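This report concerns only the one structure given below.
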Amino acid sequence: MICRGCAGSDTVRVLDLGAVPAADHFPPERSAIDSCESAHPLAMELCLRCGLAQLAEDDTTPEEPRGVEPLALRNQAADAVRTVAVSGFLDGDTVLEFGSPHGGSWLGLLAARGFCPPPPGKPASVVLDCFGLMHEAHQRTALRHRADATASDGVLLLQFHSLAAIVTHGQWNALRHGHYAYYSLTALQRLLGEVGMSLSSAWEFDLYGGTVLVAARHGIRSDTSPAVRRILAAEHELGVCTPHTLGRLQRAADDHARVLHDWLDAMADHGRRVYAYGAASRAVALFGRASIDRRLVGAVADASPAKQGRRMPGTNVPIISPAALVAADPDLVLLTVADLAEEVQAQFPQLSGKWVVDITDGDGPNEDPALIPGPQQSCWNRLRTYPAV
């Protein structure tokens, strides 16, 4: 394939999930499961020239986002703006944002600091992109647009889910339709250079297991921060731009689906009623590869009203409201998005002690019987009970 970043043709496949359902298409609950529903190829390619990991192909049609922005994301945005301000990167008075289809915005946070939109057609002092760039099929063109929108003495702030974190934690299901690129700082530095920008600073956050926020400026600069150099060195040591390292994600995908299915099957055999929370796009491929049905998971609760009354793609598992989850009073609740743990623990004290967090860390078996309540007391440590608040 042609690289979405540098237009090179030297790419190699590092993760292939086969045919899976479209990640953002949630059919009505009572609709029949169409044979074509789970027929969309999903694979990751690595460009050996620029190091960009990317979606191999996408034959799905994007749907209107149905998600609700989690508290963890809102808190992290506020933390990021404070951090950038303290570091001296919020100069000027105009701001432009390239948003994400999943919602969320930093504009309100910048408005509170005196920033306003630039005049039509004029560049901005600060250009924001929080998880937006990855949704662009033509990466180089999209990055050029962001560079052109940044004033000559302005700053481009880009936040992304770190490819190093994805590999280290075995987060294979970060790969999904509509997400066209997966960034290492190494690859992003090269792509920024092609549009005449360079890295000035970087900050790391725990969101999604590891995200990076970078500040980029026009021109070739010599004031790169120690944080940038440290992250680049760590990526080099990990080999994050090599097929060998990214190939770990294939094993993580296979192991994760098998372990989750076996655990759910054991719970069902022992009469333990398991529900889930979080009908997230990242859970779609997992439910399909783990062959999850209503026998294994009674339903998935989600805070988004637009998803309620639908079902997980490719399965007969319905999506219900959080209130319906509490009323069902299951024995265990599998949390599909670990970042929601603090939020749901606080919101639903009735479910205290029932949470099991799905963690794709790939560290191998953990025999601690305290990890999982009930008859099945041997499990990989990617499945953990979350302690009550």
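Starting from 1 in every chain, residues are counted up; chains themselves are A, B, ... following the order of the structure tokens, and ligands are numbered from 1 as listed.
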Near-A:Arg258 list (10 Å; only C-alpha atoms; drop same-chain fewer than 6 positions) as a tab-separated table (two decimals) with all heavy atoms, in the first residue's frame:
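What landed in around_36.tsv:
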chain	number	residue	atom	x	y	z
A	252	ALA	N	-0.77	-10.49	21.16
A	252	ALA	CA	-1.63	-9.90	22.19
A	252	ALA	C	-3.10	-10.04	21.81
A	252	ALA	O	-3.94	-10.35	22.66
A	252	ALA	CB	-1.27	-8.43	22.39
A	286	LEU	N	-12.96	-6.91	19.86
A	286	LEU	CA	-12.75	-7.87	20.94
A	286	LEU	C	-13.94	-8.80	21.10
A	286	LEU	O	-13.78	-10.01	21.21
A	286	LEU	CB	-12.49	-7.13	22.25
A	286	LEU	CG	-12.36	-8.00	23.50
A	286	LEU	CD1	-11.21	-8.99	23.37
A	286	LEU	CD2	-12.17	-7.12	24.74
A	289	ARG	N	-13.85	-11.25	18.10
A	289	ARG	CA	-12.77	-12.24	18.12
A	289	ARG	C	-12.91	-13.20	19.30
A	289	ARG	O	-12.47	-14.35	19.22
A	289	ARG	CB	-11.42	-11.54	18.18
A	289	ARG	CG	-11.03	-10.85	16.89
A	289	ARG	CD	-9.68	-10.18	16.98
A	289	ARG	NE	-8.60	-11.13	17.20
A	289	ARG	CZ	-7.98	-11.82	16.25
A	289	ARG	NH1	-8.36	-11.69	15.00
A	289	ARG	NH2	-7.00	-12.64	16.55
A	290	ALA	N	-13.52	-12.74	20.39
A	290	ALA	CA	-13.71	-13.60	21.56
A	290	ALA	C	-15.01	-14.40	21.48
A	290	ALA	O	-15.34	-15.13	22.42
A	290	ALA	CB	-13.69	-12.77	22.83
A	291	SER	N	-15.76	-14.26	20.39
A	291	SER	CA	-17.02	-14.99	20.19
A	291	SER	C	-17.96	-14.82	21.38
A	291	SER	O	-18.48	-15.78	21.94
A	291	SER	CB	-16.74	-16.49	19.95
A	291	SER	OG	-15.91	-16.68	18.83
Contact residues around stretch 302-313 of chain A with only C-alpha atoms at 9 Å, ignoring same-chain residues under 5 positions, as a PDB file with N, CA and C atoms, in the first residue's frame:
ATOM      1  N   VAL A  20     -13.877  -8.113  10.607  1.00  0.00           N
ATOM      2  CA  VAL A  20     -14.571  -7.771  11.847  1.00  0.00           C
ATOM      3  C   VAL A  20     -15.693  -6.788  11.531  1.00  0.00           C
ATOM      4  N   PRO A  21     -16.599  -6.548  12.486  1.00  0.00           N
ATOM      5  CA  PRO A  21     -17.655  -5.547  12.264  1.00  0.00           C
ATOM      6  C   PRO A  21     -17.088  -4.134  12.213  1.00  0.00           C
ATOM      7  N   ALA A  22     -17.824  -3.233  11.587  1.00  0.00           N
ATOM      8  CA  ALA A  22     -17.458  -1.820  11.600  1.00  0.00           C
ATOM      9  C   ALA A  22     -17.558  -1.313  13.035  1.00  0.00           C
ATOM     10  N   ALA A  23     -16.550  -0.546  13.461  1.00  0.00           N
ATOM     11  CA  ALA A  23     -16.440  -0.185  14.872  1.00  0.00           C
ATOM     12  C   ALA A  23     -17.467   0.842  15.321  1.00  0.00           C
ATOM     13  N   ASP A  24     -18.068   1.596  14.397  1.00  0.00           N
ATOM     14  CA  ASP A  24     -19.001   2.640  14.822  1.00  0.00           C
ATOM     15  C   ASP A  24     -20.425   2.401  14.339  1.00  0.00           C
ATOM     16  N   HIS A  25     -20.713   1.175  13.893  1.00  0.00           N
ATOM     17  CA  HIS A  25     -22.063   0.841  13.434  1.00  0.00           C
ATOM     18  C   HIS A  25     -22.721  -0.086  14.444  1.00  0.00           C
ATOM     19  N   PHE A  26     -23.668   0.459  15.215  1.00  0.00           N
ATOM     20  CA  PHE A  26     -24.362  -0.319  16.242  1.00  0.00           C
ATOM     21  C   PHE A  26     -25.792  -0.561  15.776  1.00  0.00           C
ATOM     22  N   PRO A  27     -26.101  -1.769  15.294  1.00  0.00           N
ATOM     23  CA  PRO A  27     -27.432  -2.038  14.730  1.00  0.00           C
ATOM     24  C   PRO A  27     -28.513  -2.033  15.818  1.00  0.00           C
ATOM     25  N   PRO A  28     -29.764  -1.835  15.432  1.00  0.00           N
ATOM     26  CA  PRO A  28     -30.867  -1.938  16.395  1.00  0.00           C
ATOM     27  C   PRO A  28     -30.855  -3.309  17.075  1.00  0.00           C
ATOM     28  N   GLU A  29     -31.260  -3.332  18.331  1.00  0.00           N
ATOM     29  CA  GLU A  29     -31.153  -4.558  19.129  1.00  0.00           C
ATOM     30  C   GLU A  29     -31.869  -5.742  18.485  1.00  0.00           C
ATOM     31  N   ARG A  30     -33.042  -5.531  17.953  1.00  0.00           N
ATOM     32  CA  ARG A  30     -33.845  -6.645  17.425  1.00  0.00           C
ATOM     33  C   ARG A  30     -33.561  -6.965  15.961  1.00  0.00           C
ATOM     34  N   SER A  31     -32.579  -6.305  15.375  1.00  0.00           N
ATOM     35  CA  SER A  31     -32.252  -6.593  13.981  1.00  0.00           C
ATOM     36  C   SER A  31     -31.496  -7.910  13.867  1.00  0.00           C
ATOM     37  N   ILE A  33     -28.661 -10.485  12.616  1.00  0.00           N
ATOM     38  CA  ILE A  33     -27.234 -10.328  12.357  1.00  0.00           C
ATOM     39  C   ILE A  33     -26.966 -10.666  10.904  1.00  0.00           C
ATOM     40  N   GLU A  37     -22.166  -8.251   8.130  1.00  0.00           N
ATOM     41  CA  GLU A  37     -21.918  -7.313   9.230  1.00  0.00           C
ATOM     42  C   GLU A  37     -20.491  -7.395   9.746  1.00  0.00           C
ATOM     43  N   SER A  38     -19.936  -8.589   9.741  1.00  0.00           N
ATOM     44  CA  SER A  38     -18.588  -8.792  10.282  1.00  0.00           C
ATOM     45  C   SER A  38     -17.576  -9.074   9.179  1.00  0.00           C
ATOM     46  N   PRO A  65     -21.029   9.915  15.319  1.00  0.00           N
ATOM     47  CA  PRO A  65     -20.538   9.450  16.622  1.00  0.00           C
ATOM     48  C   PRO A  65     -21.663   9.368  17.638  1.00  0.00           C
ATOM     49  N   ARG A  66     -21.641   8.299  18.439  1.00  0.00           N
ATOM     50  CA  ARG A  66     -22.695   8.076  19.421  1.00  0.00           C
ATOM     51  C   ARG A  66     -22.178   8.096  20.854  1.00  0.00           C
ATOM     52  N   GLY A  67     -20.886   8.337  21.029  1.00  0.00           N
ATOM     53  CA  GLY A  67     -20.293   8.236  22.350  1.00  0.00           C
ATOM     54  C   GLY A  67     -20.508   9.472  23.211  1.00  0.00           C
ATOM     55  N   VAL A  68     -20.209   9.316  24.508  1.00  0.00           N
ATOM     56  CA  VAL A  68     -20.250  10.395  25.485  1.00  0.00           C
ATOM     57  C   VAL A  68     -18.826  10.592  26.001  1.00  0.00           C
ATOM     58  N   ALA A 276     -21.452  -6.159  31.039  1.00  0.00           N
ATOM     59  CA  ALA A 276     -20.298  -5.315  30.725  1.00  0.00           C
ATOM     60  C   ALA A 276     -20.714  -3.857  30.761  1.00  0.00           C
ATOM     61  N   TYR A 277     -19.717  -2.992  30.861  1.00  0.00           N
ATOM     62  CA  TYR A 277     -19.964  -1.549  30.801  1.00  0.00           C
ATOM     63  C   TYR A 277     -18.992  -0.955  29.787  1.00  0.00           C
ATOM     64  N   GLY A 278     -19.556  -0.178  28.853  1.00  0.00           N
ATOM     65  CA  GLY A 278     -18.741   0.489  27.849  1.00  0.00           C
ATOM     66  C   GLY A 278     -18.866  -0.150  26.478  1.00  0.00           C
ATOM     67  N   ALA A 279     -19.846   0.325  25.684  1.00  0.00           N
ATOM     68  CA  ALA A 279     -19.988  -0.150  24.300  1.00  0.00           C
ATOM     69  C   ALA A 279     -19.069   0.681  23.417  1.00  0.00           C
ATOM     70  N   ALA A 280     -17.787   0.646  23.753  1.00  0.00           N
ATOM     71  CA  ALA A 280     -16.799   1.472  23.054  1.00  0.00           C
ATOM     72  C   ALA A 280     -16.404   0.825  21.736  1.00  0.00           C
ATOM     73  N   ALA A 283     -14.128  -2.077  21.839  1.00  0.00           N
ATOM     74  CA  ALA A 283     -14.656  -3.364  22.302  1.00  0.00           C
ATOM     75  C   ALA A 283     -15.282  -4.174  21.176  1.00  0.00           C
ATOM     76  N   VAL A 284     -15.527  -3.537  20.040  1.00  0.00           N
ATOM     77  CA  VAL A 284     -16.227  -4.223  18.953  1.00  0.00           C
ATOM     78  C   VAL A 284     -15.419  -5.405  18.422  1.00  0.00           C
ATOM     79  N   ALA A 285     -14.159  -5.163  18.055  1.00  0.00           N
ATOM     80  CA  ALA A 285     -13.333  -6.254  17.538  1.00  0.00           C
ATOM     81  C   ALA A 285     -13.108  -7.318  18.601  1.00  0.00           C
ATOM     82  N   PHE A 287     -15.146  -8.250  21.095  1.00  0.00           N
ATOM     83  CA  PHE A 287     -16.342  -9.088  21.228  1.00  0.00           C
ATOM     84  C   PHE A 287     -16.444 -10.068  20.066  1.00  0.00           C
ATOM     85  N   GLY A 288     -16.076  -9.603  18.882  1.00  0.00           N
ATOM     86  CA  GLY A 288     -16.141 -10.502  17.730  1.00  0.00           C
ATOM     87  C   GLY A 288     -15.104 -11.596  17.796  1.00  0.00           C
ATOM     88  N   PRO A 318     -27.197  -7.054  23.718  1.00  0.00           N
ATOM     89  CA  PRO A 318     -27.849  -5.744  23.667  1.00  0.00           C
ATOM     90  C   PRO A 318     -27.079  -4.688  24.450  1.00  0.00           C
ATOM     91  N   ILE A 319     -27.331  -3.429  24.086  1.00  0.00           N
ATOM     92  CA  ILE A 319     -26.754  -2.290  24.797  1.00  0.00           C
ATOM     93  C   ILE A 319     -27.878  -1.638  25.604  1.00  0.00           C
ATOM     94  N   ILE A 320     -27.643  -1.501  26.888  1.00  0.00           N
ATOM     95  CA  ILE A 320     -28.670  -1.006  27.793  1.00  0.00           C
ATOM     96  C   ILE A 320     -28.171   0.256  28.506  1.00  0.00           C
ATOM     97  N   SER A 321     -29.053   0.877  29.257  1.00  0.00           N
ATOM     98  CA  SER A 321     -28.688   2.060  30.019  1.00  0.00           C
ATOM     99  C   SER A 321     -27.990   1.646  31.312  1.00  0.00           C
ATOM    100  N   PRO A 322     -27.213   2.548  31.907  1.00  0.00           N
ATOM    101  CA  PRO A 322     -26.619   2.247  33.212  1.00  0.00           C
ATOM    102  C   PRO A 322     -27.663   1.923  34.269  1.00  0.00           C
TER     103      PRO A 322
END
Suppose you want the space between atom CA of A:Leu71 and atom CA of A:Phe160; what is it in Å?
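Spanning atom CA of A:Leu71 to atom CA of A:Phe160 is a straight-line distance of 17.7 Å.
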Could you give me, as a Markdown table, every stretch 172-232 of chain A residue with an atom at most 9 Å from stretch 338-347 of chain A, plus its closest atom pair and distance in Å to one decimal, counting only C-alpha atoms, rows ordered by chain then number?
| residue | atom | partner | partner_atom | distance |
| --- | --- | --- | --- | --- |
| A:Leu207 | CA | A:Asp339 | CA | 6.8 |
| A:Tyr208 | CA | A:Asp339 | CA | 6.4 |
| A:Gly209 | CA | A:Asp339 | CA | 8.3 |
Please write the residues from the selection above to a file, keeping N, CA and C atoms, as a PDB file, in the first residue's frame.
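So the final result, stored in again12.pdb, reads:
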ATOM      1  N   LEU A 207      -3.612   8.886  30.347  1.00  0.00           N
ATOM      2  CA  LEU A 207      -4.839   8.572  29.625  1.00  0.00           C
ATOM      3  C   LEU A 207      -4.602   7.493  28.579  1.00  0.00           C
ATOM      4  N   TYR A 208      -5.523   6.516  28.509  1.00  0.00           N
ATOM      5  CA  TYR A 208      -5.452   5.407  27.553  1.00  0.00           C
ATOM      6  C   TYR A 208      -4.190   4.557  27.727  1.00  0.00           C
ATOM      7  N   GLY A 209      -3.585   4.614  28.883  1.00  0.00           N
ATOM      8  CA  GLY A 209      -2.369   3.840  29.108  1.00  0.00           C
ATOM      9  C   GLY A 209      -1.115   4.563  28.685  1.00  0.00           C
TER      10      GLY A 209
END
All strand (DSSP E or B) positions in stretch 116-222 of chain A, as a PyMOL selection string
chain A and resi 116+124-130+150-161+181-182+197-205+211-218
Who sits within 8 Å of A:Gly298, only C-alpha atoms, same chain under 4 positions skipped, as a PyMOL selection string
chain A and resi 273-276+293-294+317-318
Atoms to include: N, CA, C and O atoms. Write the selected residues as a CSV table (one decimal), in the first residue's frame.
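Result file result29.csv:
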chain,number,residue,atom,x,y,z
A,273,ARG,N,-23.5,-14.4,36.5
A,273,ARG,CA,-24.1,-13.6,35.5
A,273,ARG,C,-23.1,-12.4,35.3
A,273,ARG,O,-22.9,-11.6,36.2
A,274,VAL,N,-22.5,-12.3,34.1
A,274,VAL,CA,-21.6,-11.2,33.8
A,274,VAL,C,-22.3,-10.3,32.8
A,274,VAL,O,-22.8,-10.7,31.8
A,275,TYR,N,-22.2,-9.0,33.1
A,275,TYR,CA,-22.6,-7.9,32.2
A,275,TYR,C,-21.3,-7.1,31.9
A,275,TYR,O,-20.3,-7.4,32.5
A,276,ALA,N,-21.5,-6.2,31.0
A,276,ALA,CA,-20.3,-5.3,30.7
A,276,ALA,C,-20.7,-3.9,30.8
A,276,ALA,O,-21.9,-3.5,30.7
A,293,ASP,N,-21.4,-13.8,23.2
A,293,ASP,CA,-22.8,-13.8,22.9
A,293,ASP,C,-23.5,-13.5,24.2
A,293,ASP,O,-22.9,-13.4,25.3
A,294,ARG,N,-24.9,-13.6,24.2
A,294,ARG,CA,-25.6,-13.3,25.4
A,294,ARG,C,-25.5,-14.3,26.5
A,294,ARG,O,-25.7,-14.0,27.7
A,317,VAL,N,-25.6,-9.3,21.7
A,317,VAL,CA,-25.5,-8.7,23.0
A,317,VAL,C,-26.1,-7.3,23.0
A,317,VAL,O,-25.6,-6.4,22.3
A,318,PRO,N,-27.2,-7.1,23.7
A,318,PRO,CA,-27.8,-5.7,23.7
A,318,PRO,C,-27.1,-4.7,24.5
A,318,PRO,O,-26.3,-5.0,25.4
Per-residue DSSP, stretch 166-365 of chain A, filtered to alpha helix (DSSP H), as number ranges by chain
A: 166-168, 185-194, 226-238, 243-246, 248-269, 281-289, 322-328, 341-347
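Note that atom CA of A:Val337 and atom CA of A:Leu46 are 25.9 Å apart.
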Rank A:Leu264, A:Met44, A:Ala227, A:Val326 by their smallest atom-to-atom distance to A:Val356, using only C-alpha atoms, and report the top residue only.
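Result for the nearest residue to A:Val356: A:Leu264.
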Determine, counting only C-alpha atoms, which protein, DNA and RNA residues have an atom within 12 Å of an atom of A:Asp79; residues of the same chain fewer than 3 positions away are not included. Present the result as a ChimeraX atom specification.
/A:72-76,82-86,106,109,203-207,213
